[in-house]
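Chemist: The file below is final_21.json, JSON, C-alpha atoms and all ligand atoms:
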[["chain", "number", "residue", "atom", "x", "y", "z"],
["Y", 1, "MET", "CA", -20.98, 2.95, -8.15],
["Y", 2, "GLU", "CA", -20.11, 4.70, -4.90],
["Y", 3, "LEU", "CA", -19.03, 1.81, -2.69],
["Y", 4, "LEU", "CA", -17.24, 4.12, -0.23],
["Y", 5, "LYS", "CA", -19.49, 7.17, -0.06],
["Y", 6, "GLY", "CA", -18.75, 9.28, 3.04],
["Y", 7, "LYS", "CA", -15.80, 7.08, 4.11],
["Y", 8, "THR", "CA", -12.27, 8.35, 4.67],
["Y", 9, "ALA", "CA", -9.26, 6.47, 3.33],
["Y", 10, "ILE", "CA", -5.55, 6.97, 4.04],
["Y", 11, "VAL", "CA", -3.21, 5.86, 1.26],
["Y", 12, "THR", "CA", 0.54, 5.98, 1.89],
["Y", 13, "GLY", "CA", 3.04, 6.62, -0.94],
["Y", 14, "ALA", "CA", 0.41, 7.89, -3.37],
["Y", 15, "ASN", "CA", 2.36, 10.42, -5.47],
["Y", 16, "ARG", "CA", 2.74, 7.85, -8.24],
["Y", 17, "GLY", "CA", 2.32, 4.22, -9.27],
["Y", 18, "ILE", "CA", 0.01, 1.80, -7.48],
["Y", 19, "GLY", "CA", -0.70, 4.21, -4.58],
["Y", 20, "ARG", "CA", -1.90, 6.93, -6.94],
["Y", 21, "ALA", "CA", -4.19, 4.50, -8.81],
["Y", 22, "ILE", "CA", -5.61, 3.33, -5.45],
["Y", 23, "ALA", "CA", -6.27, 6.92, -4.31],
["Y", 24, "MET", "CA", -8.07, 7.61, -7.62],
["Y", 25, "GLU", "CA", -10.15, 4.41, -7.51],
["Y", 26, "LEU", "CA", -11.23, 4.88, -3.89],
["Y", 27, "GLY", "CA", -12.03, 8.55, -4.66],
["Y", 28, "ARG", "CA", -14.04, 7.53, -7.74],
["Y", 29, "ASN", "CA", -16.08, 5.37, -5.36],
["Y", 30, "GLY", "CA", -16.88, 8.29, -3.07],
["Y", 31, "ALA", "CA", -14.14, 8.08, -0.41],
["Y", 32, "ASN", "CA", -12.46, 11.22, 0.94],
["Y", 33, "ILE", "CA", -8.73, 10.71, 0.51],
["Y", 34, "ALA", "CA", -5.84, 11.59, 2.83],
["Y", 35, "PHE", "CA", -2.67, 10.56, 1.06],
["Y", 36, "THR", "CA", 0.98, 10.71, 2.01],
["Y", 37, "ASP", "CA", 4.35, 10.70, 0.31],
["Y", 38, "LEU", "CA", 7.88, 11.83, 1.11],
["Y", 39, "VAL", "CA", 7.19, 15.23, -0.47],
["Y", 40, "ILE", "CA", 4.07, 17.06, -1.57],
["Y", 41, "ASP", "CA", 4.93, 18.36, -5.03],
["Y", 42, "ASP", "CA", 3.14, 19.44, -8.23],
["Y", 43, "SER", "CA", 2.14, 15.87, -8.94],
["Y", 44, "SER", "CA", 0.54, 15.53, -5.47],
["Y", 45, "LYS", "CA", -1.31, 18.83, -5.99],
["Y", 46, "GLU", "CA", -2.55, 17.50, -9.34],
["Y", 47, "LEU", "CA", -3.82, 14.35, -7.55],
["Y", 48, "GLU", "CA", -5.63, 16.52, -4.97],
["Y", 49, "ASN", "CA", -7.25, 18.50, -7.81],
["Y", 50, "GLU", "CA", -8.30, 15.39, -9.75],
["Y", 51, "LEU", "CA", -9.89, 13.95, -6.61],
["Y", 52, "ASN", "CA", -11.62, 17.25, -5.78],
["Y", 53, "LYS", "CA", -13.10, 17.26, -9.30],
["Y", 54, "MET", "CA", -14.75, 13.91, -8.42],
["Y", 55, "GLY", "CA", -16.50, 15.73, -5.56],
["Y", 56, "VAL", "CA", -14.50, 14.21, -2.70],
["Y", 57, "LYS", "CA", -12.25, 15.89, -0.13],
["Y", 58, "ALA", "CA", -8.54, 15.19, -0.70],
["Y", 59, "LYS", "CA", -5.34, 16.30, 1.00],
["Y", 60, "GLY", "CA", -1.70, 15.26, 0.63],
["Y", 61, "TYR", "CA", 0.65, 15.09, 3.65],
["Y", 62, "ALA", "CA", 4.45, 15.07, 3.41],
["Y", 63, "SER", "CA", 5.43, 12.27, 5.76],
["Y", 64, "ASP", "CA", 8.06, 9.53, 5.91],
["Y", 65, "ALA", "CA", 6.12, 6.34, 6.61],
["Y", 66, "SER", "CA", 9.18, 4.68, 8.16],
["Y", 67, "ASP", "CA", 9.31, 7.37, 10.89],
["Y", 68, "PHE", "CA", 7.19, 6.37, 13.92],
["Y", 69, "ASP", "CA", 6.77, 9.84, 15.48],
["Y", 70, "MET", "CA", 6.13, 11.58, 12.17],
["Y", 71, "THR", "CA", 3.48, 8.97, 11.35],
["Y", 72, "SER", "CA", 1.62, 9.47, 14.67],
["Y", 73, "LYS", "CA", 1.62, 13.26, 14.11],
["Y", 74, "THR", "CA", 0.42, 12.85, 10.51],
["Y", 75, "VAL", "CA", -2.44, 10.53, 11.50],
["Y", 76, "GLU", "CA", -3.39, 12.90, 14.35],
["Y", 77, "GLN", "CA", -3.63, 15.73, 11.80],
["Y", 78, "ILE", "CA", -5.60, 13.55, 9.35],
["Y", 79, "VAL", "CA", -8.14, 12.66, 12.06],
["Y", 80, "LYS", "CA", -8.48, 16.41, 12.86],
["Y", 81, "ASP", "CA", -8.95, 17.24, 9.16],
["Y", 82, "PHE", "CA", -11.23, 14.31, 8.19],
["Y", 83, "ASP", "CA", -12.89, 13.33, 11.54],
["Y", 84, "ARG", "CA", -12.64, 9.57, 10.89],
["Y", 85, "VAL", "CA", -10.54, 6.85, 9.24],
["Y", 86, "ASP", "CA", -12.38, 3.94, 7.62],
["Y", 87, "VAL", "CA", -9.71, 2.55, 5.33],
["Y", 88, "LEU", "CA", -5.92, 2.43, 5.65],
["Y", 89, "VAL", "CA", -3.87, 1.36, 2.64],
["Y", 90, "ASN", "CA", -0.24, 0.75, 3.59],
["Y", 91, "ASN", "CA", 1.24, 1.08, 0.11],
["Y", 92, "ALA", "CA", 4.56, 2.96, 0.49],
["Y", 93, "GLY", "CA", 7.48, 0.77, -0.47],
["Y", 94, "ILE", "CA", 10.98, 0.73, -1.96],
["Y", 95, "THR", "CA", 13.43, -1.77, -3.41],
["Y", 96, "LYS", "CA", 17.20, -1.93, -2.96],
["Y", 97, "ASP", "CA", 17.87, -5.11, -4.92],
["Y", 98, "THR", "CA", 21.18, -6.90, -4.79],
["Y", 99, "LEU", "CA", 22.48, -10.38, -4.03],
["Y", 100, "LEU", "CA", 22.91, -11.14, -0.34],
["Y", 101, "MET", "CA", 26.66, -11.46, -0.99],
["Y", 102, "ARG", "CA", 26.73, -7.73, -1.83],
["Y", 103, "MET", "CA", 23.92, -6.45, 0.40],
["Y", 104, "ASN", "CA", 25.02, -4.02, 3.09],
["Y", 105, "GLU", "CA", 23.32, -3.13, 6.36],
["Y", 106, "GLU", "CA", 22.01, 0.17, 5.01],
["Y", 107, "GLN", "CA", 20.20, -1.61, 2.12],
["Y", 108, "TRP", "CA", 18.67, -4.13, 4.53],
["Y", 109, "ASP", "CA", 17.57, -1.53, 7.11],
["Y", 110, "ALA", "CA", 16.14, 0.91, 4.56],
["Y", 111, "VAL", "CA", 13.91, -1.71, 2.93],
["Y", 112, "ILE", "CA", 12.73, -3.21, 6.23],
["Y", 113, "ASN", "CA", 12.00, 0.25, 7.68],
["Y", 114, "VAL", "CA", 10.14, 1.68, 4.69],
["Y", 115, "ASN", "CA", 8.25, -1.49, 3.74],
["Y", 116, "LEU", "CA", 7.59, -3.25, 7.06],
["Y", 117, "LYS", "CA", 8.05, -0.82, 9.94],
["Y", 118, "SER", "CA", 5.81, 1.68, 8.11],
["Y", 119, "VAL", "CA", 2.96, -0.85, 8.21],
["Y", 120, "PHE", "CA", 3.38, -1.13, 11.99],
["Y", 121, "ASN", "CA", 3.62, 2.69, 12.31],
["Y", 122, "TYR", "CA", 0.38, 3.42, 10.43],
["Y", 123, "THR", "CA", -1.62, 0.51, 11.80],
["Y", 124, "LYS", "CA", -0.66, 1.50, 15.34],
["Y", 125, "ALA", "CA", -1.56, 5.13, 14.64],
["Y", 126, "VAL", "CA", -5.06, 4.39, 13.25],
["Y", 127, "GLN", "CA", -6.06, 1.46, 15.46],
["Y", 128, "MET", "CA", -7.72, 3.45, 18.30],
["Y", 129, "THR", "CA", -9.78, 5.49, 15.82],
["Y", 130, "MET", "CA", -10.99, 2.33, 14.05],
["Y", 131, "VAL", "CA", -11.63, 0.46, 17.31],
["Y", 132, "LYS", "CA", -13.70, 3.39, 18.64],
["Y", 133, "GLN", "CA", -15.69, 3.42, 15.38],
["Y", 134, "ARG", "CA", -15.99, -0.38, 15.67],
["Y", 135, "SER", "CA", -15.20, -0.62, 11.97],
["Y", 136, "GLY", "CA", -12.28, -0.30, 9.62],
["Y", 137, "SER", "CA", -10.42, -2.00, 6.80],
["Y", 138, "ILE", "CA", -6.63, -2.15, 6.75],
["Y", 139, "ILE", "CA", -4.99, -3.22, 3.48],
["Y", 140, "ASN", "CA", -1.28, -3.93, 3.36],
["Y", 141, "MET", "CA", 0.70, -4.05, 0.12],
["Y", 142, "SER", "CA", 2.75, -7.21, 0.14],
["Y", 143, "SER", "CA", 4.10, -8.95, -2.99],
["Y", 144, "ILE", "CA", 4.18, -12.45, -4.43],
["Y", 145, "VAL", "CA", 7.91, -12.21, -3.71],
["Y", 146, "GLY", "CA", 6.97, -12.24, -0.01],
["Y", 147, "ILE", "CA", 5.32, -15.63, -0.61],
["Y", 148, "ARG", "CA", 7.84, -17.32, -2.86],
["Y", 149, "GLY", "CA", 11.12, -15.38, -2.41],
["Y", 150, "ASN", "CA", 13.32, -14.00, -5.19],
["Y", 151, "ALA", "CA", 17.07, -14.05, -5.80],
["Y", 152, "GLY", "CA", 18.47, -10.54, -5.39],
["Y", 153, "GLN", "CA", 15.57, -9.42, -3.20],
["Y", 154, "SER", "CA", 16.20, -11.01, 0.21],
["Y", 155, "ASN", "CA", 15.58, -7.69, 1.99],
["Y", 156, "TYR", "CA", 12.44, -6.92, -0.05],
["Y", 157, "SER", "CA", 10.96, -10.43, 0.22],
["Y", 158, "ALA", "CA", 11.65, -10.52, 3.98],
["Y", 159, "SER", "CA", 9.79, -7.20, 4.36],
["Y", 160, "LYS", "CA", 6.85, -8.42, 2.25],
["Y", 161, "ALA", "CA", 6.67, -11.80, 4.07],
["Y", 162, "GLY", "CA", 6.76, -9.88, 7.38],
["Y", 163, "ILE", "CA", 3.74, -7.89, 6.21],
["Y", 164, "ILE", "CA", 1.80, -11.13, 5.70],
["Y", 165, "GLY", "CA", 2.48, -12.34, 9.27],
["Y", 166, "PHE", "CA", 1.60, -8.91, 10.64],
["Y", 167, "THR", "CA", -1.64, -8.80, 8.60],
["Y", 168, "LYS", "CA", -2.83, -12.19, 9.88],
["Y", 169, "SER", "CA", -2.04, -11.27, 13.50],
["Y", 170, "VAL", "CA", -3.82, -7.90, 13.30],
["Y", 171, "ALA", "CA", -6.87, -9.59, 11.72],
["Y", 172, "LYS", "CA", -7.01, -11.93, 14.74],
["Y", 173, "GLU", "CA", -6.41, -9.15, 17.32],
["Y", 174, "LEU", "CA", -8.86, -6.58, 15.96],
["Y", 175, "GLY", "CA", -11.54, -8.78, 14.40],
["Y", 176, "SER", "CA", -13.72, -8.69, 17.52],
["Y", 177, "ARG", "CA", -13.70, -4.84, 17.27],
["Y", 178, "GLY", "CA", -15.04, -4.88, 13.71],
["Y", 179, "VAL", "CA", -11.67, -4.12, 12.11],
["Y", 180, "ARG", "CA", -10.57, -6.22, 9.13],
["Y", 181, "CYS", "CA", -7.00, -6.56, 7.88],
["Y", 182, "ASN", "CA", -5.90, -8.11, 4.57],
["Y", 183, "ALA", "CA", -2.84, -8.11, 2.33],
["Y", 184, "VAL", "CA", -2.60, -7.74, -1.43],
["Y", 185, "ALA", "CA", 0.27, -9.51, -3.18],
["Y", 186, "PRO", "CA", 0.85, -7.99, -6.62],
["Y", 187, "GLY", "CA", 2.95, -9.87, -9.15],
["Y", 188, "PHE", "CA", 4.64, -7.92, -11.94],
["Y", 189, "ILE", "CA", 2.92, -4.53, -12.25],
["Y", 190, "MET", "CA", 4.07, -1.83, -14.68],
["Y", 191, "THR", "CA", 5.09, 1.22, -12.62],
["Y", 192, "GLU", "CA", 8.15, 3.48, -12.29],
["Y", 193, "MET", "CA", 9.48, 0.93, -9.76],
["Y", 194, "THR", "CA", 9.51, -1.89, -12.33],
["Y", 195, "SER", "CA", 10.35, 0.26, -15.37],
["Y", 196, "GLU", "CA", 13.93, 0.47, -14.05],
["Y", 197, "LEU", "CA", 14.39, -3.28, -14.70],
["Y", 198, "PRO", "CA", 16.34, -4.28, -17.84],
["Y", 199, "GLU", "CA", 14.17, -5.19, -20.88],
["Y", 200, "ASP", "CA", 15.25, -8.87, -20.86],
["Y", 201, "VAL", "CA", 14.27, -9.22, -17.19],
["Y", 202, "LYS", "CA", 10.85, -7.69, -17.93],
["Y", 203, "LYS", "CA", 10.36, -10.11, -20.88],
["Y", 204, "GLU", "CA", 11.32, -13.05, -18.66],
["Y", 205, "TRP", "CA", 8.74, -12.00, -16.03],
["Y", 206, "VAL", "CA", 5.96, -11.68, -18.63],
["Y", 207, "ASN", "CA", 6.86, -15.13, -20.03],
["Y", 208, "GLN", "CA", 6.23, -16.69, -16.62],
["Y", 209, "ILE", "CA", 2.75, -15.13, -16.37],
["Y", 210, "PRO", "CA", -0.12, -17.39, -17.50],
["Y", 211, "LEU", "CA", -2.21, -14.32, -18.46],
["Y", 212, "LYS", "CA", 0.77, -13.22, -20.62],
["Y", 213, "ARG", "CA", 0.83, -9.60, -19.63],
["Y", 214, "ALA", "CA", 2.18, -7.39, -16.89],
["Y", 215, "GLY", "CA", -0.45, -6.15, -14.45],
["Y", 216, "THR", "CA", -1.66, -2.56, -14.43],
["Y", 217, "THR", "CA", -1.96, -0.27, -11.43],
["Y", 218, "GLU", "CA", -5.74, -0.43, -11.96],
["Y", 219, "ASP", "CA", -5.68, -4.24, -11.57],
["Y", 220, "VAL", "CA", -4.29, -3.72, -8.07],
["Y", 221, "ALA", "CA", -6.53, -0.74, -7.27],
["Y", 222, "ASN", "CA", -9.67, -2.75, -8.13],
["Y", 223, "THR", "CA", -8.67, -5.46, -5.63],
["Y", 224, "VAL", "CA", -7.98, -2.82, -2.99],
["Y", 225, "LEU", "CA", -11.42, -1.31, -3.67],
["Y", 226, "PHE", "CA", -13.02, -4.72, -3.02],
["Y", 227, "LEU", "CA", -11.11, -5.10, 0.28],
["Y", 228, "ALA", "CA", -11.88, -1.51, 1.33],
["Y", 229, "SER", "CA", -15.62, -1.85, 0.72],
["Y", 230, "GLY", "CA", -18.47, -3.79, 2.32],
["Y", 231, "LEU", "CA", -18.26, -6.26, -0.59],
["Y", 232, "SER", "CA", -15.50, -7.98, 1.41],
["Y", 233, "GLY", "CA", -17.28, -7.69, 4.77],
["Y", 234, "TYR", "CA", -16.49, -11.31, 5.73],
["Y", 235, "VAL", "CA", -12.93, -11.36, 4.32],
["Y", 236, "SER", "CA", -10.14, -10.78, 6.86],
["Y", 237, "GLY", "CA", -6.66, -12.14, 7.50],
["Y", 238, "GLN", "CA", -6.24, -13.08, 3.83],
["Y", 239, "VAL", "CA", -3.60, -12.51, 1.17],
["Y", 240, "ILE", "CA", -4.99, -11.89, -2.32],
["Y", 241, "SER", "CA", -2.47, -12.27, -5.13],
["Y", 242, "VAL", "CA", -2.95, -9.99, -8.15],
["Y", 243, "CYS", "CA", -0.51, -11.64, -10.50],
["Y", 244, "GLY", "CA", -2.16, -13.13, -13.59],
["Y", 245, "ALA", "CA", -1.88, -16.64, -12.05],
["Y", 246, "MET", "CA", 1.91, -16.44, -11.67],
["Y", 247, "GLN", "CA", 1.47, -17.46, -8.02],
["Y", 248, "THR", "CA", -1.19, -20.06, -7.23],
["S", 1, "LIG", "P1", 6.63, 3.31, -6.85],
["S", 1, "LIG", "O1", 8.08, 3.38, -6.54],
["S", 1, "LIG", "O2", 6.20, 3.67, -8.23],
["S", 1, "LIG", "O3", 5.80, 4.21, -5.82],
["S", 1, "LIG", "C1", 6.05, 4.14, -4.43],
["S", 1, "LIG", "C2", 5.64, 5.45, -3.79],
["S", 1, "LIG", "O4", 5.96, 5.35, -2.39],
["S", 1, "LIG", "C3", 6.43, 6.66, -4.35],
["S", 1, "LIG", "O5", 5.55, 7.73, -4.60],
["S", 1, "LIG", "C4", 7.42, 6.97, -3.23],
["S", 1, "LIG", "O6", 7.83, 8.34, -3.17],
["S", 1, "LIG", "C5", 6.62, 6.56, -1.99],
["S", 1, "LIG", "N1", 7.50, 6.31, -0.85],
["S", 1, "LIG", "C6", 8.71, 5.69, -0.84],
["S", 1, "LIG", "N2", 9.23, 5.70, 0.39],
["S", 1, "LIG", "C7", 8.32, 6.33, 1.20],
["S", 1, "LIG", "C8", 8.28, 6.65, 2.59],
["S", 1, "LIG", "N3", 9.30, 6.34, 3.40],
["S", 1, "LIG", "N4", 7.20, 7.31, 3.06],
["S", 1, "LIG", "C9", 6.17, 7.64, 2.25],
["S", 1, "LIG", "N5", 6.17, 7.38, 0.92],
["S", 1, "LIG", "C10", 7.22, 6.72, 0.41],
["S", 1, "LIG", "O7", 6.17, 1.84, -6.45],
["S", 1, "LIG", "P2", 4.90, 0.99, -6.93],
["S", 1, "LIG", "O8", 5.36, 0.05, -7.98],
["S", 1, "LIG", "O9", 3.74, 1.86, -7.16],
["S", 1, "LIG", "O10", 4.68, 0.09, -5.62],
["S", 1, "LIG", "C11", 3.73, 0.41, -4.61],
["S", 1, "LIG", "C12", 3.70, -0.73, -3.60],
["S", 1, "LIG", "O11", 3.38, -1.95, -4.27],
["S", 1, "LIG", "C13", 5.04, -0.96, -2.90],
["S", 1, "LIG", "O12", 4.82, -1.34, -1.57],
["S", 1, "LIG", "C14", 5.63, -2.12, -3.69],
["S", 1, "LIG", "O13", 6.55, -2.86, -2.93],
["S", 1, "LIG", "C15", 4.38, -2.92, -4.00],
["S", 1, "LIG", "N6", 4.52, -3.83, -5.14],
["S", 1, "LIG", "C16", 4.79, -3.37, -6.39],
["S", 1, "LIG", "C17", 4.92, -4.28, -7.44],
["S", 1, "LIG", "C18", 5.21, -3.84, -8.86],
["S", 1, "LIG", "O14", 5.37, -4.72, -9.72],
["S", 1, "LIG", "N7", 5.26, -2.57, -9.16],
["S", 1, "LIG", "C19", 4.79, -5.65, -7.20],
["S", 1, "LIG", "C20", 4.51, -6.08, -5.91],
["S", 1, "LIG", "C21", 4.37, -5.16, -4.89]]
Please go through the file and, once you have read it, give me the structure as structure tokens.
Modeler:
Amino acid sequence: MELLKGKTAIVTGANRGIGRAIAMELGRNGANIAFTDLVIDDSSKELENELNKMGVKAKGYASDASDFDMTSKTVEQIVKDFDRVDVLVNNAGITKDTLLMRMNEEQWDAVINVNLKSVFNYTKAVQMTMVKQRSGSIINMSSIVGIRGNAGQSNYSASKAGIIGFTKSVAKELGSRGVRCNAVAPGFIMTEMTSELPEDVKKEWVNQIPLKRAGTTEDVANTVLFLASGLSGYVSGQVISVCGAMQT
């Protein structure tokens, strides 16, 4: 199925993990892909090649999503290279987990800037293009931790909760211009980010999941595909959890 034929999607933080799976899934469905990450390395070039083999245009851009000016310049270049932007997936994110008692200002600021400010930076940079087109779908990567909180992740859960408020506001502001905005809240997904957790913590997470397994990057990418495509044409301002029923 080519749900996104001829569309252009931007995916931030796509060198690995969930972002990479999203870029691949949107590409498989016919979208041209402009992706970003902190560096463009061999793995990014491999992603470009895999996407090209699917018959879609693909280009990686080295860009720090937490940097406002760099983001505007990157999006300007993407619009020059691809002519339009139909889908924006704000996926780039980091963790700097520690108890509040030990958290320093640098750990707070880094997580808020990369996870939350980046969503503002990219949404701001694409909004005029989408408004002029009178169509667009913005998908922001939140987390179930942004809904229910988590000990040791006050910075991360604040950033992910902030994304939810931002998503709902943007959906209300831009809805009349044909632009939709939704958030995805993954639960426990197996990626490099989560592989750093100790084995007993991973087991404990899986035990809490009614579907009794960790999620895959494809589980998240499939939900993003739905939100990016016309299949979700009347869905905006929503948060969809992809968590095996951990959060209901
Ligand atoms: P990951 O660490 O495997 O990948 C994140 C990617 O973002 C990396 O390629 C990294 O280089 C890039 N990145 C980091 N900082 C950046 C910046 N400033 N600018 C541009 N790119 C940057 O993480 P993941 O597990 O694939 O997570 C992707 C998103 O999903 C994140 O927003 C994360 O918070 C969210 N999420 C993940 C899980 C999970 O269980 N893995 C659960 C809920 C939400």
Chemist: Hey, what's within 12 Å of Asp109 (chain Y) if we count all atoms listed in the file and toss same-chain stuff fewer than 3 positions away? As a ChimeraX atom specification, please?
Modeler: /Y:66,94-96,103-106,112-117,154-156,158-159
Chemist: Using only C-alpha atoms and all ligand atoms, find each residue with an atom at most 8 Å away from ligand LIG 1 (chain S) and format the answer as a PyMOL selection string.
Modeler: chain Y and resi 12-20+36-39+62-67+90-95+113-115+118+141-145+156+160+185-194+215+217
Chemist: Taking (-5.4, 10.3, 7.2) in the file's coordinates, which residues come within 10 Å, counting only C-alpha atoms, written as a ChimeraX atom specification?
Modeler: /Y:8-12,32-36,58-61,71,74-88,122,125-126
Chemist: Deliver the residues from the most recent selection as a file, using C-alpha atoms, as a short mmCIF file (atom, residue, chain, number, x, y, z; two decimals), keeping the file's coordinate frame.
Modeler:
data_model
loop_
_atom_site.label_atom_id
_atom_site.label_comp_id
_atom_site.auth_asym_id
_atom_site.auth_seq_id
_atom_site.Cartn_x
_atom_site.Cartn_y
_atom_site.Cartn_z
CA THR Y 8 -12.27 8.35 4.67
CA ALA Y 9 -9.26 6.47 3.33
CA ILE Y 10 -5.55 6.97 4.04
CA VAL Y 11 -3.21 5.86 1.26
CA THR Y 12 0.54 5.98 1.89
CA ASN Y 32 -12.46 11.22 0.94
CA ILE Y 33 -8.73 10.71 0.51
CA ALA Y 34 -5.84 11.59 2.83
CA PHE Y 35 -2.67 10.56 1.06
CA THR Y 36 0.98 10.71 2.01
CA ALA Y 58 -8.54 15.19 -0.70
CA LYS Y 59 -5.34 16.30 1.00
CA GLY Y 60 -1.70 15.26 0.63
CA TYR Y 61 0.65 15.09 3.65
CA THR Y 71 3.48 8.97 11.35
CA THR Y 74 0.42 12.85 10.51
CA VAL Y 75 -2.44 10.53 11.50
CA GLU Y 76 -3.39 12.90 14.35
CA GLN Y 77 -3.63 15.73 11.80
CA ILE Y 78 -5.60 13.55 9.35
CA VAL Y 79 -8.14 12.66 12.06
CA LYS Y 80 -8.48 16.41 12.86
CA ASP Y 81 -8.95 17.24 9.16
CA PHE Y 82 -11.23 14.31 8.19
CA ASP Y 83 -12.89 13.33 11.54
CA ARG Y 84 -12.64 9.57 10.89
CA VAL Y 85 -10.54 6.85 9.24
CA ASP Y 86 -12.38 3.94 7.62
CA VAL Y 87 -9.71 2.55 5.33
CA LEU Y 88 -5.92 2.43 5.65
CA TYR Y 122 0.38 3.42 10.43
CA ALA Y 125 -1.56 5.13 14.64
CA VAL Y 126 -5.06 4.39 13.25
#
Chemist: Could you check how far CA of Arg28 (chain Y) sits from CA of Asn222 (chain Y), in Å to one decimal?
Modeler: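 CA of Asn222 (chain Y) lies 11.2 Å from CA of Arg28 (chain Y).
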Chemist: Identify, on the basis of all atoms listed in the file, every residue whose closest approach to Gln127 (chain Y) does not exceed 9 Å; exclude the query and any residue fewer than 3 positions from it along the same chain; express the result as a PyMOL selection string.
Modeler: chain Y and resi 122-124+130-132+136+174+179
Chemist: Export C-alpha atoms of the chosen residues as a PDB file, in the frame of the given file?
Modeler:
ATOM      1  CA  TYR Y 122       0.380   3.420  10.430  1.00  0.00           C
ATOM      2  CA  THR Y 123      -1.620   0.510  11.800  1.00  0.00           C
ATOM      3  CA  LYS Y 124      -0.660   1.500  15.340  1.00  0.00           C
ATOM      4  CA  MET Y 130     -10.990   2.330  14.050  1.00  0.00           C
ATOM      5  CA  VAL Y 131     -11.630   0.460  17.310  1.00  0.00           C
ATOM      6  CA  LYS Y 132     -13.700   3.390  18.640  1.00  0.00           C
ATOM      7  CA  GLY Y 136     -12.280  -0.300   9.620  1.00  0.00           C
ATOM      8  CA  LEU Y 174      -8.860  -6.580  15.960  1.00  0.00           C
ATOM      9  CA  VAL Y 179     -11.670  -4.120  12.110  1.00  0.00           C
TER      10      VAL Y 179
END
Chemist: Interatomic distance between CA of Asn29 (chain Y) and CA of Gly6 (chain Y)?
Modeler: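 Answer for the CA of Asn29 (chain Y) to CA of Gly6 (chain Y) separation: 9.6 Å.
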Chemist: Which residue is closest to Leu225 (chain Y)? Choose from Y:Glu50, Y:Leu100, Y:Ile147, Y:Glu2 and count all atoms listed in the file.
Modeler: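 Of all the options, Y:Glu2 lies closest to Leu225 (chain Y).
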Chemist: Please determine, counting all atoms listed in the file, which residue among Y:Ser176, Y:Asn207, Y:Ser195, Y:Asn140 has the shortest atom-to-atom distance to Thr223 (chain Y).
Modeler: Y:Asn140
Chemist: Could you tell me how far CA of Leu4 (chain Y) lies from CA of Ser229 (chain Y), in Å and to one decimal?
Modeler: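 Between these atoms lies a distance of 6.3 Å.
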Chemist: Go through Y:Gln247, Y:Glu25, Y:Val89, Y:Gln133 one by one, measure the shortest atom-to-atom distance of each to Gly149 (chain Y) using all atoms listed in the file, and give the residue with the smallest value.
Modeler: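 For Gly149 (chain Y), the nearest of the given residues is Y:Gln247.
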Chemist: Smallest atom-to-atom distance to Thr98 (chain Y): which of Y:Ala151, Y:Leu47, Y:Cys243, Y:Ala110, using only C-alpha atoms?
Modeler: Y:Ala151
